[in-house]
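Structure data follow from model24.cif (mmCIF, C-alpha atoms):
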```cif
data_data
loop_
_atom_site.label_atom_id
_atom_site.label_comp_id
_atom_site.auth_asym_id
_atom_site.auth_seq_id
_atom_site.Cartn_x
_atom_site.Cartn_y
_atom_site.Cartn_z
CA MET A 1 11.03 10.13 -25.29
CA LYS A 2 10.38 13.84 -25.63
CA SER A 3 6.90 15.33 -25.40
CA THR A 4 5.61 18.80 -26.07
CA SER A 5 2.71 20.53 -24.38
CA SER A 6 0.18 22.43 -26.43
CA SER A 7 -2.79 24.58 -25.52
CA VAL A 8 -6.27 23.14 -26.02
CA SER A 9 -8.55 25.18 -28.22
CA LYS A 10 -12.30 24.87 -28.48
CA LYS A 11 -13.70 24.02 -31.88
CA LYS A 12 -17.22 24.39 -33.12
CA MET A 13 -18.56 21.37 -34.96
CA GLN A 14 -20.45 21.75 -38.20
CA GLY A 15 -22.69 18.77 -37.66
CA TYR A 16 -23.49 15.62 -35.63
CA VAL A 17 -20.78 12.94 -35.46
CA GLY A 18 -22.09 10.77 -32.65
CA PHE A 19 -19.71 10.90 -29.67
CA SER A 20 -22.41 12.62 -27.61
CA ASN A 21 -24.04 9.19 -27.47
CA PHE A 22 -21.16 7.87 -25.36
CA PRO A 23 -23.08 8.18 -22.05
CA ASN A 24 -25.78 5.97 -23.52
CA GLN A 25 -23.14 3.40 -24.47
CA VAL A 26 -21.82 3.44 -20.91
CA HIS A 27 -25.37 3.10 -19.62
CA ARG A 28 -26.11 0.07 -21.80
CA ARG A 29 -22.85 -1.61 -20.83
CA SER A 30 -23.42 -0.91 -17.14
CA VAL A 31 -26.96 -2.26 -17.25
CA LYS A 32 -25.69 -5.36 -19.02
CA ARG A 33 -22.93 -6.00 -16.51
CA GLY A 34 -24.85 -5.01 -13.40
CA PHE A 35 -23.50 -3.34 -10.28
CA ASN A 36 -21.92 -4.36 -7.00
CA PHE A 37 -22.44 -2.60 -3.70
CA THR A 38 -21.03 -3.63 -0.33
CA LEU A 39 -22.60 -2.11 2.75
CA MET A 40 -21.54 -2.61 6.37
CA VAL A 41 -23.84 -2.02 9.31
CA VAL A 42 -22.46 -1.47 12.81
CA GLY A 43 -24.46 -1.13 15.98
CA GLU A 44 -25.55 -2.83 19.16
CA ALA A 45 -27.85 -5.82 19.12
CA GLY A 46 -31.54 -4.96 18.90
CA ILE A 47 -30.93 -1.44 17.59
CA GLY A 48 -32.75 -2.15 14.31
CA LYS A 49 -30.00 -2.98 11.78
CA SER A 50 -31.80 -5.87 10.12
CA THR A 51 -35.12 -4.05 9.96
CA LEU A 52 -33.60 -0.92 8.42
CA ILE A 53 -31.67 -2.84 5.74
CA ASN A 54 -34.73 -4.88 4.79
CA THR A 55 -36.74 -1.65 4.62
CA LEU A 56 -34.12 0.18 2.55
CA PHE A 57 -34.00 -2.47 -0.16
CA ASP A 58 -37.64 -3.57 0.22
CA THR A 59 -36.58 -7.20 0.39
CA LYS A 60 -35.65 -9.79 2.98
CA ILE A 61 -31.87 -9.35 3.11
CA PHE A 62 -31.65 -10.31 6.79
CA PRO A 63 -33.65 -13.37 7.83
CA ASP A 64 -35.94 -13.23 10.82
CA ARG A 65 -34.00 -13.27 14.03
CA GLU A 66 -34.29 -16.48 16.00
CA GLU A 67 -35.32 -16.24 19.59
CA VAL A 68 -32.36 -16.76 21.87
CA PRO A 69 -33.14 -18.92 24.92
CA PRO A 70 -32.50 -17.26 28.28
CA ASN A 71 -29.86 -19.81 29.26
CA ALA A 72 -27.85 -19.40 26.03
CA GLU A 73 -24.34 -18.08 26.36
CA PRO A 74 -23.86 -14.58 24.96
CA ILE A 75 -21.58 -13.99 21.97
CA LYS A 76 -18.05 -13.24 23.09
CA GLY A 77 -16.33 -10.51 21.14
CA VAL A 78 -17.24 -9.09 17.74
CA ASP A 79 -17.99 -11.32 14.78
CA VAL A 80 -18.01 -10.14 11.15
CA THR A 81 -20.45 -11.90 8.85
CA SER A 82 -21.67 -11.11 5.35
CA MET A 83 -24.64 -12.06 3.22
CA SER A 84 -25.23 -11.38 -0.47
CA ALA A 85 -28.35 -11.03 -2.57
CA ASP A 86 -28.94 -10.44 -6.27
CA ILE A 87 -31.76 -7.97 -6.67
CA GLN A 88 -33.21 -6.34 -9.78
CA GLU A 89 -35.15 -3.15 -10.39
CA ASN A 90 -36.40 -1.95 -13.80
CA GLY A 91 -33.96 -4.24 -15.57
CA VAL A 92 -30.95 -3.06 -13.54
CA LYS A 93 -29.17 -5.83 -11.62
CA LEU A 94 -27.46 -5.19 -8.31
CA LYS A 95 -25.36 -7.64 -6.34
CA LEU A 96 -25.77 -6.41 -2.79
CA THR A 97 -23.49 -7.56 0.00
CA VAL A 98 -24.36 -6.60 3.54
CA VAL A 99 -21.70 -7.06 6.22
CA ASP A 100 -23.00 -7.38 9.76
CA THR A 101 -21.03 -7.03 12.99
CA PRO A 102 -22.84 -8.97 15.71
CA GLY A 103 -21.40 -8.52 19.18
CA PHE A 104 -20.30 -4.91 18.72
CA GLY A 105 -21.02 -2.86 21.83
CA ASP A 106 -22.65 -5.78 23.65
CA SER A 107 -19.82 -6.54 26.07
CA ILE A 108 -19.11 -4.95 29.41
CA ASN A 109 -15.65 -4.00 28.21
CA ASN A 110 -15.83 -2.57 24.66
CA GLU A 111 -12.34 -1.10 24.65
CA ASP A 112 -11.20 -2.80 21.43
CA ALA A 113 -14.57 -3.59 19.91
CA TRP A 114 -13.58 -1.71 16.73
CA GLN A 115 -10.47 -3.83 16.09
CA PRO A 116 -12.07 -6.86 14.31
CA ILE A 117 -14.08 -4.49 12.10
CA LEU A 118 -11.01 -2.46 11.14
CA GLU A 119 -9.05 -5.64 10.41
CA ASN A 120 -11.84 -6.90 8.16
CA ILE A 121 -11.93 -3.63 6.19
CA GLU A 122 -8.14 -3.59 5.76
CA SER A 123 -8.06 -7.27 4.77
CA ARG A 124 -10.45 -6.43 1.93
CA PHE A 125 -8.11 -3.65 0.80
CA ASP A 126 -5.16 -6.08 0.98
CA ALA A 127 -7.02 -8.68 -1.06
CA TYR A 128 -7.82 -6.11 -3.76
CA LEU A 129 -4.21 -4.87 -3.79
CA ALA A 130 -2.96 -8.45 -4.22
CA GLN A 131 -5.28 -8.92 -7.19
CA GLU A 132 -4.06 -5.68 -8.76
CA ASN A 133 -0.47 -6.95 -8.60
CA ARG A 134 -1.23 -10.20 -10.40
CA VAL A 135 0.01 -10.81 -13.92
CA ASN A 136 -3.50 -11.68 -15.13
CA ARG A 137 -6.00 -9.10 -13.87
CA SER A 138 -8.90 -10.00 -16.13
CA LYS A 139 -11.03 -11.16 -13.21
CA ILE A 140 -10.72 -8.93 -10.16
CA SER A 141 -13.22 -9.42 -7.38
CA ASP A 142 -14.03 -6.22 -5.54
CA ASN A 143 -15.43 -6.75 -2.06
CA ARG A 144 -14.22 -3.47 -0.53
CA ILE A 145 -16.64 -1.77 1.84
CA ASP A 146 -18.39 1.08 -0.02
CA ALA A 147 -20.17 2.53 3.01
CA VAL A 148 -20.64 1.94 6.73
CA ILE A 149 -23.93 2.81 8.38
CA TYR A 150 -23.16 3.43 12.02
CA PHE A 151 -26.17 3.18 14.32
CA ILE A 152 -26.11 5.70 17.17
CA LYS A 153 -28.14 4.81 20.22
CA PRO A 154 -30.92 7.42 20.78
CA THR A 155 -29.76 8.58 24.20
CA GLY A 156 -30.62 12.21 23.53
CA HIS A 157 -27.38 13.42 25.13
CA SER A 158 -24.23 13.18 22.98
CA LEU A 159 -21.91 10.60 21.46
CA ARG A 160 -20.66 7.92 23.81
CA ALA A 161 -17.01 7.00 24.17
CA ILE A 162 -17.46 3.86 22.07
CA ASP A 163 -19.10 5.92 19.28
CA ILE A 164 -16.26 8.43 19.19
CA GLU A 165 -13.51 5.79 19.34
CA PHE A 166 -15.08 3.68 16.59
CA MET A 167 -15.50 6.57 14.18
CA LYS A 168 -12.01 7.95 14.91
CA ARG A 169 -10.47 4.56 14.11
CA LEU A 170 -12.39 3.93 10.88
CA HIS A 171 -13.15 7.32 9.31
CA THR A 172 -10.04 7.22 7.08
CA LYS A 173 -10.85 3.73 5.79
CA VAL A 174 -14.56 3.90 4.91
CA ASN A 175 -17.41 6.24 4.04
CA LEU A 176 -19.02 6.78 7.44
CA ILE A 177 -22.76 7.44 7.50
CA PRO A 178 -23.95 8.01 11.07
CA ILE A 179 -27.65 7.56 11.76
CA ILE A 180 -29.80 7.86 14.86
CA ALA A 181 -31.61 4.57 15.24
CA LYS A 182 -35.17 4.26 16.56
CA ALA A 183 -35.74 7.98 16.15
CA ASP A 184 -39.40 7.54 17.16
CA THR A 185 -38.26 7.30 20.79
CA LEU A 186 -37.35 11.02 20.79
CA THR A 187 -39.44 14.11 20.21
CA ALA A 188 -38.70 16.48 17.34
CA ARG A 189 -37.10 18.99 19.71
CA GLU A 190 -34.96 16.29 21.34
CA LEU A 191 -33.84 15.06 17.91
CA ASP A 192 -32.73 18.53 16.83
CA LEU A 193 -30.69 19.01 20.01
CA PHE A 194 -29.26 15.49 19.76
CA LYS A 195 -28.19 16.04 16.13
CA ALA A 196 -26.48 19.30 17.06
CA ARG A 197 -24.53 17.62 19.87
CA ILE A 198 -23.50 14.73 17.58
CA LEU A 199 -22.22 17.11 14.89
CA ALA A 200 -20.37 19.13 17.53
CA ASP A 201 -18.62 15.97 18.80
CA ILE A 202 -17.77 14.88 15.24
CA ASN A 203 -16.25 18.25 14.39
CA TYR A 204 -14.39 18.49 17.69
CA HIS A 205 -12.69 15.10 17.20
CA GLY A 206 -11.93 15.72 13.52
CA ILE A 207 -14.01 12.78 12.32
CA GLN A 208 -14.69 12.65 8.59
CA ILE A 209 -18.16 11.52 7.59
CA PHE A 210 -19.55 11.19 4.09
CA LYS A 211 -21.20 14.36 2.83
CA PRO A 212 -22.61 15.00 -0.67
CA VAL A 213 -20.56 17.55 -2.58
CA SER A 214 -21.86 19.84 -5.33
CA ASP A 215 -19.76 21.29 -8.15
CA GLU A 216 -20.24 23.66 -11.06
CA PHE A 217 -21.57 20.88 -13.30
CA ASP A 218 -24.55 20.12 -11.05
CA ASP A 219 -27.92 21.60 -11.96
CA PRO A 220 -29.80 23.74 -9.41
CA GLU A 221 -32.10 20.86 -8.52
CA THR A 222 -29.16 18.60 -7.62
CA VAL A 223 -27.51 21.35 -5.60
CA ALA A 224 -30.76 21.92 -3.68
CA ASP A 225 -31.14 18.16 -3.03
CA ASN A 226 -27.56 17.93 -1.74
CA ARG A 227 -28.10 20.90 0.52
CA GLU A 228 -31.26 19.32 1.94
CA ILE A 229 -29.51 15.99 2.51
CA LEU A 230 -26.69 17.75 4.33
CA SER A 231 -29.21 19.44 6.61
CA LYS A 232 -30.49 16.01 7.71
CA ILE A 233 -27.11 14.52 8.72
CA PRO A 234 -26.98 12.56 10.98
CA PHE A 235 -30.12 10.90 9.69
CA ALA A 236 -32.81 10.16 12.27
CA VAL A 237 -34.56 7.06 10.92
CA ILE A 238 -36.99 4.35 11.78
CA GLY A 239 -37.52 1.05 10.02
CA SER A 240 -40.48 -1.28 9.70
CA GLU A 241 -41.25 -4.26 7.55
CA LYS A 242 -44.95 -4.10 8.41
CA PHE A 243 -47.74 -2.09 6.85
CA VAL A 244 -50.34 -0.28 8.91
CA GLU A 245 -53.62 1.24 7.82
CA ARG A 246 -54.15 4.96 8.08
CA PRO A 247 -57.51 6.54 8.96
CA ASP A 248 -58.16 7.21 5.24
CA GLY A 249 -57.87 3.46 4.52
CA THR A 250 -54.49 3.49 2.75
CA SER A 251 -51.71 1.16 3.89
CA VAL A 252 -48.29 2.53 4.64
CA ARG A 253 -45.06 1.08 5.97
CA GLY A 254 -44.73 2.18 9.57
CA ARG A 255 -45.43 1.62 13.25
CA ARG A 256 -48.65 2.06 15.15
CA TYR A 257 -48.74 3.60 18.60
CA PRO A 258 -51.64 4.42 20.91
CA TRP A 259 -51.22 8.08 20.02
CA GLY A 260 -50.89 7.60 16.26
CA ILE A 261 -48.86 6.20 13.37
CA ILE A 262 -45.21 6.75 12.50
CA GLU A 263 -44.71 6.38 8.76
CA VAL A 264 -41.35 5.21 7.51
CA GLU A 265 -41.59 6.96 4.14
CA ASN A 266 -42.90 10.26 5.48
CA GLU A 267 -40.28 13.03 5.58
CA ASP A 268 -42.24 14.83 8.29
CA HIS A 269 -41.78 11.83 10.59
CA ASN A 270 -38.13 10.83 10.00
CA ASP A 271 -35.18 11.04 7.57
CA PHE A 272 -35.54 7.60 6.00
CA ILE A 273 -36.34 9.03 2.54
CA LYS A 274 -33.22 11.25 2.54
CA LEU A 275 -31.02 8.38 3.69
CA ARG A 276 -32.30 6.11 0.93
CA GLN A 277 -31.98 8.91 -1.61
CA MET A 278 -28.35 9.55 -0.75
CA LEU A 279 -27.38 5.91 -0.31
CA LEU A 280 -29.11 4.39 -3.34
CA ARG A 281 -30.64 6.93 -5.69
CA SER A 282 -28.18 9.80 -6.04
CA HIS A 283 -24.79 9.04 -4.46
CA MET A 284 -24.16 5.30 -4.71
CA GLU A 285 -21.59 5.81 -7.48
CA GLU A 286 -19.97 8.65 -5.53
CA LEU A 287 -19.62 6.35 -2.53
CA LYS A 288 -17.93 3.72 -4.71
CA ASP A 289 -15.66 6.31 -6.35
CA THR A 290 -14.63 7.75 -2.98
CA THR A 291 -13.79 4.27 -1.74
CA ASP A 292 -11.76 3.46 -4.86
CA MET A 293 -9.99 6.74 -5.61
CA VAL A 294 -9.56 8.27 -2.15
CA LEU A 295 -9.81 5.81 0.74
CA TYR A 296 -8.27 2.81 -1.02
CA GLU A 297 -5.59 4.90 -2.75
CA ASN A 298 -4.52 6.42 0.57
CA TYR A 299 -4.34 2.97 2.16
CA ARG A 300 -2.50 1.56 -0.87
CA THR A 301 0.07 4.38 -0.79
CA GLN A 302 0.80 3.89 2.89
CA LYS A 303 0.98 0.13 2.46
CA LEU A 304 3.47 0.30 -0.41
CA LEU A 305 5.60 2.90 1.38
CA THR A 306 5.68 0.62 4.43
CA MET A 307 6.84 -2.22 2.17
CA GLY A 308 9.73 -0.08 0.93
CA HIS A 309 8.39 1.14 -2.42
CA VAL A 310 9.42 4.70 -3.35
CA GLN A 311 7.66 6.85 -5.91
CA ASP A 312 9.80 8.29 -8.73
CA ASN A 313 8.35 11.77 -9.10
CA ASN A 314 10.40 12.42 -12.25
CA VAL A 315 7.87 10.32 -14.14
CA PHE A 316 5.16 12.90 -13.51
CA ARG A 317 7.30 16.01 -13.96
CA GLU A 318 6.32 18.41 -16.73
CA PHE A 319 8.74 18.28 -19.70
CA ASN A 320 11.05 21.28 -20.24
CA PRO A 321 13.43 20.98 -23.25
CA VAL A 322 16.06 23.36 -21.83
CA MET A 323 16.08 21.65 -18.44
CA GLN A 324 16.09 18.26 -20.14
CA GLN A 325 19.11 19.25 -22.26
CA GLU A 326 20.93 20.59 -19.20
CA GLU A 327 20.20 17.39 -17.28
CA GLU A 328 21.44 15.29 -20.20
CA ARG A 329 24.64 17.40 -20.37
CA ARG A 330 25.26 16.97 -16.63
CA ALA A 331 24.54 13.28 -16.91
CA HIS A 332 26.97 12.97 -19.84
CA GLU A 333 29.72 14.86 -17.99
CA ALA A 334 29.19 12.71 -14.93
CA LYS A 335 29.38 9.62 -17.12
CA MET A 336 32.61 10.80 -18.77
CA GLN A 337 34.16 11.66 -15.40
CA LYS A 338 33.23 8.24 -14.14
CA MET A 339 34.73 6.57 -17.19
CA GLU A 340 37.92 8.67 -16.85
CA ALA A 341 38.23 7.77 -13.20
CA GLU A 342 37.72 4.09 -14.02
CA MET A 343 40.34 4.22 -16.80
CA THR A 344 42.83 6.01 -14.52
CA ALA A 345 42.27 3.43 -11.84
CA VAL A 346 42.76 0.61 -14.33
CA PHE A 347 45.97 2.25 -15.69
CA GLN A 348 47.37 2.75 -12.20
CA GLN A 349 46.56 -0.83 -11.34
CA LYS A 350 48.31 -2.07 -14.50
CA VAL A 351 51.38 0.09 -13.77
CA GLN A 352 51.54 -1.18 -10.21
CA GLU A 353 51.23 -4.75 -11.39
CA LYS A 354 54.03 -4.18 -13.98
CA GLU A 355 56.30 -2.52 -11.43
CA ALA A 356 55.74 -5.33 -8.98
CA LYS A 357 56.50 -7.86 -11.69
CA LEU A 358 59.69 -6.04 -12.74
CA LYS A 359 60.80 -5.76 -9.14
CA GLN A 360 60.21 -9.43 -8.62
CA SER A 361 62.21 -10.24 -11.81
CA GLU A 362 65.02 -7.97 -10.68
CA GLU A 363 65.17 -9.70 -7.30
CA GLU A 364 65.20 -13.09 -8.98
CA LEU A 365 68.03 -12.00 -11.34
CA TYR A 366 70.08 -10.62 -8.44
CA ALA A 367 69.61 -13.83 -6.47
CA ARG A 368 70.67 -15.91 -9.50
CA HIS A 369 73.69 -13.63 -10.08
CA LYS A 370 74.75 -13.94 -6.46
CA GLU A 371 74.34 -17.67 -6.56
CA MET A 372 76.33 -17.97 -9.76
CA LYS A 373 79.06 -15.69 -8.37
CA THR A 374 79.33 -17.87 -5.28
CA VAL A 375 79.52 -20.97 -7.43
CA LEU A 376 82.19 -19.39 -9.64
CA GLU A 377 84.28 -18.28 -6.65
CA LYS A 378 84.12 -21.78 -5.21
CA GLN A 379 85.06 -23.26 -8.55
CA ARG A 380 88.01 -20.78 -8.80
CA ALA A 381 89.20 -21.72 -5.30
CA ASP A 382 88.99 -25.38 -6.22
CA LEU A 383 90.95 -24.74 -9.40
CA ASP A 384 93.63 -22.80 -7.52
CA GLU A 385 93.99 -25.65 -5.09
CA LYS A 386 94.26 -28.17 -7.88
CA LYS A 387 96.78 -25.94 -9.64
CA LYS A 388 99.01 -25.83 -6.56
CA ARG A 389 98.86 -29.57 -6.21
CA ALA A 390 99.71 -30.00 -9.86
CA GLU A 391 102.70 -27.66 -9.64
CA VAL A 392 104.05 -29.53 -6.63
CA ALA A 393 103.61 -32.82 -8.39
CA MET A 394 105.45 -31.65 -11.53
CA ARG A 395 108.55 -30.04 -9.73
CA PRO A 396 112.07 -31.89 -10.47
CA VAL A 397 113.47 -34.17 -7.79
CA THR A 398 116.88 -33.09 -6.18
CA PRO A 399 119.73 -35.61 -5.47
CA LEU A 400 119.19 -35.20 -1.81
CA GLU A 401 115.62 -36.01 -2.28
CA GLN A 402 116.56 -39.05 -4.42
CA HIS A 403 119.11 -40.55 -1.70
CA PRO A 404 118.04 -39.27 1.60
CA THR A 405 119.94 -41.98 3.73
CA LYS A 406 123.55 -42.17 2.23
CA GLY A 407 125.11 -39.40 4.25
CA LYS A 408 123.63 -40.68 7.39
CA LYS A 409 125.26 -44.11 6.92
CA LYS A 410 128.78 -42.61 6.42
CA ASN A 411 128.52 -40.61 9.55
CA ILE A 412 127.40 -43.61 11.50
CA PHE A 413 130.32 -45.91 10.34
CA GLY A 414 132.89 -43.09 10.73
CA GLY A 415 132.03 -42.82 14.35
CA PHE A 416 133.42 -46.20 15.21
#
```

Would you mind writing the file's structure down as structure tokens?
Amino acid sequence: MKSTSSSVSKKKMQGYVGFSNFPNQVHRRSVKRGFNFTLMVVGEAGIGKSTLINTLFDTKIFPDREEVPPNAEPIKGVDVTSMSADIQENGVKLKLTVVDTPGFGDSINNEDAWQPILENIESRFDAYLAQENRVNRSKISDNRIDAVIYFIKPTGHSLRAIDIEFMKRLHTKVNLIPIIAKADTLTARELDLFKARILADINYHGIQIFKPVSDEFDDPETVADNREILSKIPFAVIGSEKFVERPDGTSVRGRRYPWGIIEVENEDHNDFIKLRQMLLRSHMEELKDTTDMVLYENYRTQKLLTMGHVQDNNVFREFNPVMQQEEERRAHEAKMQKMEAEMTAVFQQKVQEKEAKLKQSEEELYARHKEMKTVLEKQRADLDEKKKRAEVAMRPVTPLEQHPTKGKKKNIFGGF
């Protein structure tokens, strides 16, 4: 099928037709269907994963941790567990799935601690790919990881070997969001230096982390918000499910210390507000789009290439009538040459078969002629022999032959 390309011209409308209401239609449909968001948290035990998630969503996603008896055996290896919750805010429904990784970084030897997590992420990609390849795709369940919050231990120095290895292994599969956990254990100066060292390590090792991107369609306010969020990465956060009372009598979510109060939702104290803004309020859809159109597509391409699938780039080539006509001419000539070669081969084969058949018939005729000649010569010899016998039998008998003993008798009697 031939297609022609045409330039797009801008037209000025004379009145209102209604397609500008399309975003409202999408909004109503989205609100009706609800949203899904899958978040993975990775970090050592006791680093504050459960508390931060419960604080982010202002609900009890993670249950209270049970006290582990001193004589209990520690968890061996890394386990991957998930829990889901249906939450609603201002009529908008969200199915939230939080994937936890207990056991990560808790062993003496953490050489391959990232492996179970990577396998879980890839298995979700494989499950989605399998659903895409089904005949009936009306009900596709999407449980791909939209973002990974990686908890960095507040050492104040730089990234540890396990931090670098984990992020290097997973940064092409997920949206990495590194955060400094329990930021209230460091001073403001220590946090600034620690953030600088973390970013230096990330850049040195070529690790890709999720960063908000602005384009020409964003308004100045959005661009300013993105720039401010970027300045806070990696986020230094604290979490608390408890409320404390400030000196003015108001209650805030935070932690009380002998020297004062650390407020969770105070941007002067930590980056919790910016993390929540990026994760939930302004870039949740961008996280999902990046997972679907970049990370998953890259994985899908590599997977299909590994399975032996090859992309036909001619499908996406721009149409050129002259080139198309030339290609059709070459294809037709090649087809005719192929047909001519096939016909020549068939003709030669038929000729060879006919020659072989004629040769075989000639050999058979010669053999029959030779056989008949031999038979005739034998018959002639037999006839000659019979003729000789017949001639001898028919010859007249002489007197001597009739009385062969008379002379002999006279001679005998005359002798006496």

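Among A:Lys139, A:Glu377, A:Glu216, A:Gly239, the residue with the shortest atom-to-atom distance to Asp58 in chain A, counting only C-alpha atoms, is A:Gly239.
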
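Against this structure, the PyMOL selection byres ((chain A and resi 49) around 10) ends up with Val41, Val42, Gly43, Glu44, Ala45, Gly46, Ile47, Gly48, Ser50, Thr51, Leu52, Ile53, Asn54, Thr55, Phe62, Asp100, Thr101, Ile149, Tyr150, Phe151, Ala181 and Gly239 of chain A.
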
Could you save those same residues with C-alpha atoms as a CSV table (one decimal), keeping the file's coordinate frame?
```csv
chain,number,residue,atom,x,y,z
A,41,VAL,CA,-23.8,-2.0,9.3
A,42,VAL,CA,-22.5,-1.5,12.8
A,43,GLY,CA,-24.5,-1.1,16.0
A,44,GLU,CA,-25.6,-2.8,19.2
A,45,ALA,CA,-27.8,-5.8,19.1
A,46,GLY,CA,-31.5,-5.0,18.9
A,47,ILE,CA,-30.9,-1.4,17.6
A,48,GLY,CA,-32.8,-2.2,14.3
A,50,SER,CA,-31.8,-5.9,10.1
A,51,THR,CA,-35.1,-4.0,10.0
A,52,LEU,CA,-33.6,-0.9,8.4
A,53,ILE,CA,-31.7,-2.8,5.7
A,54,ASN,CA,-34.7,-4.9,4.8
A,55,THR,CA,-36.7,-1.6,4.6
A,62,PHE,CA,-31.6,-10.3,6.8
A,100,ASP,CA,-23.0,-7.4,9.8
A,101,THR,CA,-21.0,-7.0,13.0
A,149,ILE,CA,-23.9,2.8,8.4
A,150,TYR,CA,-23.2,3.4,12.0
A,151,PHE,CA,-26.2,3.2,14.3
A,181,ALA,CA,-31.6,4.6,15.2
A,239,GLY,CA,-37.5,1.0,10.0
```

Name the residues captured by the PyMOL selection byres ((chain A and resi 246) around 12) when it is applied to the shown file; answer as a list of chain:residue names.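 Checked against the file, the PyMOL selection byres ((chain A and resi 246) around 12) matches A:Phe243, A:Val244, A:Glu245, A:Pro247, A:Asp248, A:Gly249, A:Thr250, A:Ser251, A:Val252, A:Arg253, A:Gly254, A:Arg255, A:Arg256, A:Tyr257, A:Gly260, A:Ile261, A:Ile262, A:Glu263.
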
Given the file shown, enumerate the residues that the PyMOL selection byres ((chain A and resi 178) around 12) captures and present them as an NGL selection string. :A and (40-43 or 147-154 or 159 or 163-164 or 166-167 or 171 or 174-177 or 179-181 or 195 or 198-199 or 202 or 207-211 or 232-237 or 275)

Take CA of Gly34 in chain A and CA of Lys93 in chain A and report the distance between them in Å, one decimal.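 Computed distance, CA of Gly34 in chain A to CA of Lys93 in chain A, equals 4.7 Å.
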
Show me the residues around (-27.5, -1.3, -15.0) - criterion: an atom at most 10 Å away, all atoms listed in the file counted - as a ChimeraX atom specification. /A:26-35,88-94

Wanna dump the range 125-152 of chain A-range 286-307 of chain A contacts at 12 Å for me, each residue with its shortest atom pair and the distance in Å to one decimal, counting all atoms listed in the file, ordered by chain and number, as a Markdown table?
```
| residue | atom | partner | partner_atom | distance |
| --- | --- | --- | --- | --- |
| A:Phe125 | CA | A:Tyr296 | CA | 6.7 |
| A:Asp126 | CA | A:Arg300 | CA | 8.3 |
| A:Ala127 | CA | A:Arg300 | CA | 11.2 |
| A:Tyr128 | CA | A:Tyr296 | CA | 9.3 |
| A:Leu129 | CA | A:Arg300 | CA | 7.3 |
| A:Ala130 | CA | A:Arg300 | CA | 10.6 |
| A:Glu132 | CA | A:Arg300 | CA | 10.8 |
| A:Asn133 | CA | A:Leu304 | CA | 11.6 |
| A:Asp142 | CA | A:Asp292 | CA | 10.0 |
| A:Asn143 | CA | A:Lys288 | CA | 11.1 |
| A:Arg144 | CA | A:Thr291 | CA | 7.8 |
| A:Ile145 | CA | A:Thr291 | CA | 7.6 |
| A:Asp146 | CA | A:Lys288 | CA | 5.4 |
| A:Ala147 | CA | A:Leu287 | CA | 6.8 |
| A:Val148 | CA | A:Leu287 | CA | 10.3 |
```

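Between CA of Glu371 in chain A and CA of Lys354 in chain A there is a distance of 25.5 Å.
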
I'd like the neighbourhood of Lys76 in chain A as a PyMOL selection string, where a residue qualifies if any of its atoms comes within 10 Å (using all atoms listed in the file), though same-chain residues fewer than 3 positions away should be ignored. chain A and resi 73+79+102-104+106-107

Could you tell me how far CA of Asp201 in chain A lies from CA of Ile117 in chain A, in Å and to one decimal?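 Between these atoms lies a distance of 22.0 Å.
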
My list of candidates is A:Glu363, A:Glu326, A:Val78, A:Leu96. Which is closest to Asn120 in chain A when distances are computed with only C-alpha atoms? A:Val78
